[in-house]
Amino acid sequence: MPVNIKTLIDDAQCYGTVRELRWPEGCQCPFCDSKRVIKRGFDEKEPAKQRYECKDCSKRFDDLADTIFAGHHQPLKVWVLCLCFMGLNLSNKQIAKKLDPNRTDVHKMTTQLREGVVKKSHK
Ligand SMILES: [Zn+2]
């Protein structure tokens, strides 16, 4: 039986990676850029997804708010693996093969990842 790489990494690591990518200097409100942010427990469906509340604008958000991962049908795991493989200089074809041979949106995903994980249209 082939080892499925998706079972080797856990969601907590994935969310940790996203936090480091988007907030290298610590959590920041995506609405007003305030750093006065408090933790507000975890998501009910995604227990590794941290939720926050901004002390300045009182808005609530989570780890994926305002990123290309939010609301995407691919699980975060697939994105993070995609990012890892890109770092190894694998081609889209090789990445697709590793993640799922039938996956057709790897090209779209790598394009988005190259442009950055935080949506630019927001500000
Ligand atoms: Zn705010």
# chains A, B, ... in the order shown; residues from 1 in each chain; ligands from 1
call {"tool": "closest_atom_pairs", "arguments": {"of": "chain A", "to": "ligand 1", "cutoff": "10 Å", "atoms": "only C-alpha atoms and all ligand atoms", "output": "tab-separated table"}}
result
residue	atom	partner	partner_atom_place_in_ligand_line	distance
A:Gln28	CA	ligand 1	1 (Zn)	7.9
A:Cys29	CA	ligand 1	1 (Zn)	4.6
A:Pro30	CA	ligand 1	1 (Zn)	6.6
A:Phe31	CA	ligand 1	1 (Zn)	5.0
A:Cys32	CA	ligand 1	1 (Zn)	4.2
A:Asp33	CA	ligand 1	1 (Zn)	6.0
A:Ser34	CA	ligand 1	1 (Zn)	5.3
A:Lys35	CA	ligand 1	1 (Zn)	8.0
A:Arg36	CA	ligand 1	1 (Zn)	7.8
A:Val37	CA	ligand 1	1 (Zn)	7.7
A:Glu53	CA	ligand 1	1 (Zn)	7.8
A:Cys54	CA	ligand 1	1 (Zn)	4.6
A:Lys55	CA	ligand 1	1 (Zn)	6.6
A:Asp56	CA	ligand 1	1 (Zn)	5.1
A:Cys57	CA	ligand 1	1 (Zn)	4.1
A:Ser58	CA	ligand 1	1 (Zn)	6.2
A:Lys59	CA	ligand 1	1 (Zn)	5.9
A:Arg60	CA	ligand 1	1 (Zn)	8.1
A:Phe61	CA	ligand 1	1 (Zn)	9.2
call {"tool": "write_last_selection", "arguments": {"atoms": "N, CA and C atoms", "output": "mmCIF file, in the first residue's frame"}}
result
data_model
loop_
_atom_site.group_PDB
_atom_site.id
_atom_site.type_symbol
_atom_site.label_atom_id
_atom_site.label_comp_id
_atom_site.auth_asym_id
_atom_site.auth_seq_id
_atom_site.Cartn_x
_atom_site.Cartn_y
_atom_site.Cartn_z
ATOM 1 N N GLN A 28 -2.294 39.933 13.367
ATOM 2 C CA GLN A 28 -2.711 41.297 13.050
ATOM 3 C C GLN A 28 -4.123 41.271 12.491
ATOM 4 N N CYS A 29 -4.942 42.255 12.844
ATOM 5 C CA CYS A 29 -6.316 42.294 12.352
ATOM 6 C C CYS A 29 -6.339 42.533 10.837
ATOM 7 N N PRO A 30 -7.045 41.694 10.071
ATOM 8 C CA PRO A 30 -7.080 41.889 8.613
ATOM 9 C C PRO A 30 -7.941 43.086 8.192
ATOM 10 N N PHE A 31 -8.717 43.621 9.132
ATOM 11 C CA PHE A 31 -9.607 44.735 8.789
ATOM 12 C C PHE A 31 -8.954 46.088 9.049
ATOM 13 N N CYS A 32 -8.259 46.210 10.177
ATOM 14 C CA CYS A 32 -7.704 47.533 10.520
ATOM 15 C C CYS A 32 -6.205 47.479 10.819
ATOM 16 N N ASP A 33 -5.584 46.308 10.626
ATOM 17 C CA ASP A 33 -4.142 46.129 10.840
ATOM 18 C C ASP A 33 -3.696 46.269 12.294
ATOM 19 N N SER A 34 -4.645 46.331 13.203
ATOM 20 C CA SER A 34 -4.284 46.447 14.614
ATOM 21 C C SER A 34 -3.604 45.170 15.094
ATOM 22 N N LYS A 35 -2.685 45.338 16.034
ATOM 23 C CA LYS A 35 -2.059 44.157 16.626
ATOM 24 C C LYS A 35 -2.678 43.827 17.974
ATOM 25 N N ARG A 36 -3.651 44.630 18.366
ATOM 26 C CA ARG A 36 -4.340 44.360 19.633
ATOM 27 C C ARG A 36 -5.444 43.334 19.383
ATOM 28 N N VAL A 37 -5.026 42.095 19.319
ATOM 29 C CA VAL A 37 -5.908 41.016 18.937
ATOM 30 C C VAL A 37 -5.934 39.976 20.046
ATOM 31 N N GLU A 53 -10.392 38.017 17.943
ATOM 32 C CA GLU A 53 -11.229 39.218 17.948
ATOM 33 C C GLU A 53 -10.313 40.412 18.090
ATOM 34 N N CYS A 54 -10.593 41.437 17.286
ATOM 35 C CA CYS A 54 -9.773 42.644 17.311
ATOM 36 C C CYS A 54 -10.267 43.565 18.415
ATOM 37 N N LYS A 55 -9.343 44.073 19.234
ATOM 38 C CA LYS A 55 -9.717 44.955 20.334
ATOM 39 C C LYS A 55 -10.014 46.363 19.838
ATOM 40 N N ASP A 56 -9.556 46.681 18.659
ATOM 41 C CA ASP A 56 -9.764 48.035 18.145
ATOM 42 C C ASP A 56 -11.048 48.178 17.335
ATOM 43 N N CYS A 57 -11.283 47.252 16.399
ATOM 44 C CA CYS A 57 -12.491 47.400 15.577
ATOM 45 C C CYS A 57 -13.563 46.371 15.941
ATOM 46 N N SER A 58 -13.277 45.526 16.936
ATOM 47 C CA SER A 58 -14.229 44.521 17.444
ATOM 48 C C SER A 58 -14.643 43.471 16.426
ATOM 49 N N LYS A 59 -13.980 43.429 15.296
ATOM 50 C CA LYS A 59 -14.337 42.423 14.303
ATOM 51 C C LYS A 59 -13.689 41.096 14.655
ATOM 52 N N ARG A 60 -14.368 40.030 14.254
ATOM 53 C CA ARG A 60 -13.832 38.696 14.504
ATOM 54 C C ARG A 60 -13.309 38.092 13.206
ATOM 55 N N PHE A 61 -12.284 37.306 13.333
ATOM 56 C CA PHE A 61 -11.716 36.657 12.140
ATOM 57 C C PHE A 61 -11.013 35.376 12.581
#
call {"tool": "residues_around", "arguments": {"residues": "Ala96 in chain A", "least_positions_apart": "3", "cutoff": "12 Å", "atoms": "only C-alpha atoms", "output": "ChimeraX atom specification"}}
result
/A:78-79,81-82,85-86,90-93,99-110
call {"tool": "atom_distance", "arguments": {"atom1": "CA of Ile68 in chain A", "atom2": "CA of Leu8 in chain A"}}
result
23.2 Å
call {"tool": "atom_distance", "arguments": {"atom1": "CA of Pro24 in chain A", "atom2": "CA of Asp10 in chain A"}}
result
20.8 Å
call {"tool": "closest_residue", "arguments": {"among": "A:Pro47, A:Gly116, A:Gly26, A:Gly87", "to": "Ala12 in chain A", "atoms": "only C-alpha atoms"}}
result
A:Pro47
call {"tool": "residues_around", "arguments": {"residues": "Leu76 in chain A", "least_positions_apart": "3", "cutoff": "8 Å", "atoms": "only C-alpha atoms", "output": "ChimeraX atom specification"}}
result
/A:11,14-15,69,79-80
call {"tool": "select_by_dssp", "arguments": {"residues": "range 2-85 of chain A", "states": "strand (DSSP E or B)", "output": "number ranges by chain"}}
result
A: 37-42, 50-54, 60-62, 67
call {"tool": "select_by_dssp", "arguments": {"residues": "range 7-86 of chain A", "states": "helix (DSSP H, G or I)", "output": "ChimeraX atom specification"}}
result
/A:7,11-22,76-86
call {"tool": "write_last_selection", "arguments": {"atoms": "C-alpha atoms", "output": "compact mmCIF listing (two decimals), in the first residue's frame"}}
result
# COMPACT_ATOMS: atom_id res chain seq x y z
CA THR A 7 -1.99 11.40 6.43
CA ASP A 11 -4.07 20.18 10.67
CA ALA A 12 -2.42 21.94 13.61
CA GLN A 13 0.86 22.07 11.68
CA CYS A 14 -0.95 23.38 8.62
CA TYR A 15 -2.60 26.21 10.49
CA GLY A 16 0.71 26.97 12.20
CA THR A 17 2.32 27.28 8.78
CA VAL A 18 -0.38 29.66 7.58
CA ARG A 19 0.04 31.85 10.67
CA GLU A 20 3.78 32.08 10.09
CA LEU A 21 3.28 32.89 6.43
CA ARG A 22 0.70 35.61 6.86
CA LEU A 76 -5.76 23.42 3.89
CA LYS A 77 -3.55 20.34 4.03
CA VAL A 78 -3.51 20.08 0.25
CA TRP A 79 -2.47 23.73 -0.04
CA VAL A 80 0.33 23.39 2.48
CA LEU A 81 1.62 20.27 0.76
CA CYS A 82 1.44 22.07 -2.54
CA LEU A 83 3.57 24.83 -1.02
CA CYS A 84 6.10 22.29 0.25
CA PHE A 85 6.41 20.67 -3.14
CA MET A 86 6.81 24.05 -4.81
call {"tool": "residues_around", "arguments": {"residues": "Lys49 in chain A", "least_positions_apart": "3", "cutoff": "9 Å", "atoms": "only C-alpha atoms", "output": "list in words"}}
result
Asp11, Ala12, Tyr15, Gly41, Phe42, Asp43, Glu44, Lys45, Glu46, Asp62, Asp63 and Leu64 of chain A
call {"tool": "closest_residue", "arguments": {"among": "A:Arg40, A:Arg114, A:Lys119, A:Lys97", "to": "Asn4 in chain A", "atoms": "only C-alpha atoms"}}
result
A:Lys97
call {"tool": "atom_distance", "arguments": {"atom1": "CA of Ala65 in chain A", "atom2": "CA of Val118 in chain A"}}
result
8.7 Å
call {"tool": "decode", "arguments": {"residues": "range 18-38 of chain A", "atoms": "N, CA and C atoms", "output": "compact mmCIF listing (two decimals), in the first residue's frame"}}
result
# COMPACT_ATOMS: atom_id res chain seq x y z
N VAL A 18 0.33 28.50 8.13
CA VAL A 18 -0.38 29.66 7.58
C VAL A 18 -0.15 30.89 8.44
N ARG A 19 -0.19 30.71 9.76
CA ARG A 19 0.04 31.85 10.67
C ARG A 19 1.42 32.44 10.45
N GLU A 20 2.42 31.59 10.30
CA GLU A 20 3.78 32.08 10.09
C GLU A 20 3.91 32.80 8.75
N LEU A 21 3.20 32.29 7.76
CA LEU A 21 3.28 32.89 6.43
C LEU A 21 2.62 34.27 6.40
N ARG A 22 1.44 34.36 6.98
CA ARG A 22 0.70 35.61 6.86
C ARG A 22 1.03 36.63 7.94
N TRP A 23 1.43 36.13 9.10
CA TRP A 23 1.74 37.02 10.22
C TRP A 23 3.13 36.75 10.76
N PRO A 24 4.17 37.01 9.96
CA PRO A 24 5.53 36.71 10.45
C PRO A 24 5.89 37.51 11.71
N GLU A 25 5.22 38.64 11.92
CA GLU A 25 5.54 39.44 13.12
C GLU A 25 4.43 39.38 14.16
N GLY A 26 3.61 38.36 14.12
CA GLY A 26 2.54 38.24 15.10
C GLY A 26 1.19 38.58 14.50
N CYS A 27 0.16 38.03 15.11
CA CYS A 27 -1.19 38.18 14.58
C CYS A 27 -1.62 39.64 14.46
N GLN A 28 -2.29 39.93 13.37
CA GLN A 28 -2.71 41.30 13.05
C GLN A 28 -4.12 41.27 12.49
N CYS A 29 -4.94 42.25 12.84
CA CYS A 29 -6.32 42.29 12.35
C CYS A 29 -6.34 42.53 10.84
N PRO A 30 -7.05 41.69 10.07
CA PRO A 30 -7.08 41.89 8.61
C PRO A 30 -7.94 43.09 8.19
N PHE A 31 -8.72 43.62 9.13
CA PHE A 31 -9.61 44.74 8.79
C PHE A 31 -8.95 46.09 9.05
N CYS A 32 -8.26 46.21 10.18
CA CYS A 32 -7.70 47.53 10.52
C CYS A 32 -6.20 47.48 10.82
N ASP A 33 -5.58 46.31 10.63
CA ASP A 33 -4.14 46.13 10.84
C ASP A 33 -3.70 46.27 12.29
N SER A 34 -4.64 46.33 13.20
CA SER A 34 -4.28 46.45 14.61
C SER A 34 -3.60 45.17 15.09
N LYS A 35 -2.68 45.34 16.03
CA LYS A 35 -2.06 44.16 16.63
C LYS A 35 -2.68 43.83 17.97
N ARG A 36 -3.65 44.63 18.37
CA ARG A 36 -4.34 44.36 19.63
C ARG A 36 -5.44 43.33 19.38
N VAL A 37 -5.03 42.10 19.32
CA VAL A 37 -5.91 41.02 18.94
C VAL A 37 -5.93 39.98 20.05
N ILE A 38 -7.12 39.50 20.38
CA ILE A 38 -7.19 38.44 21.40
C ILE A 38 -7.70 37.15 20.78
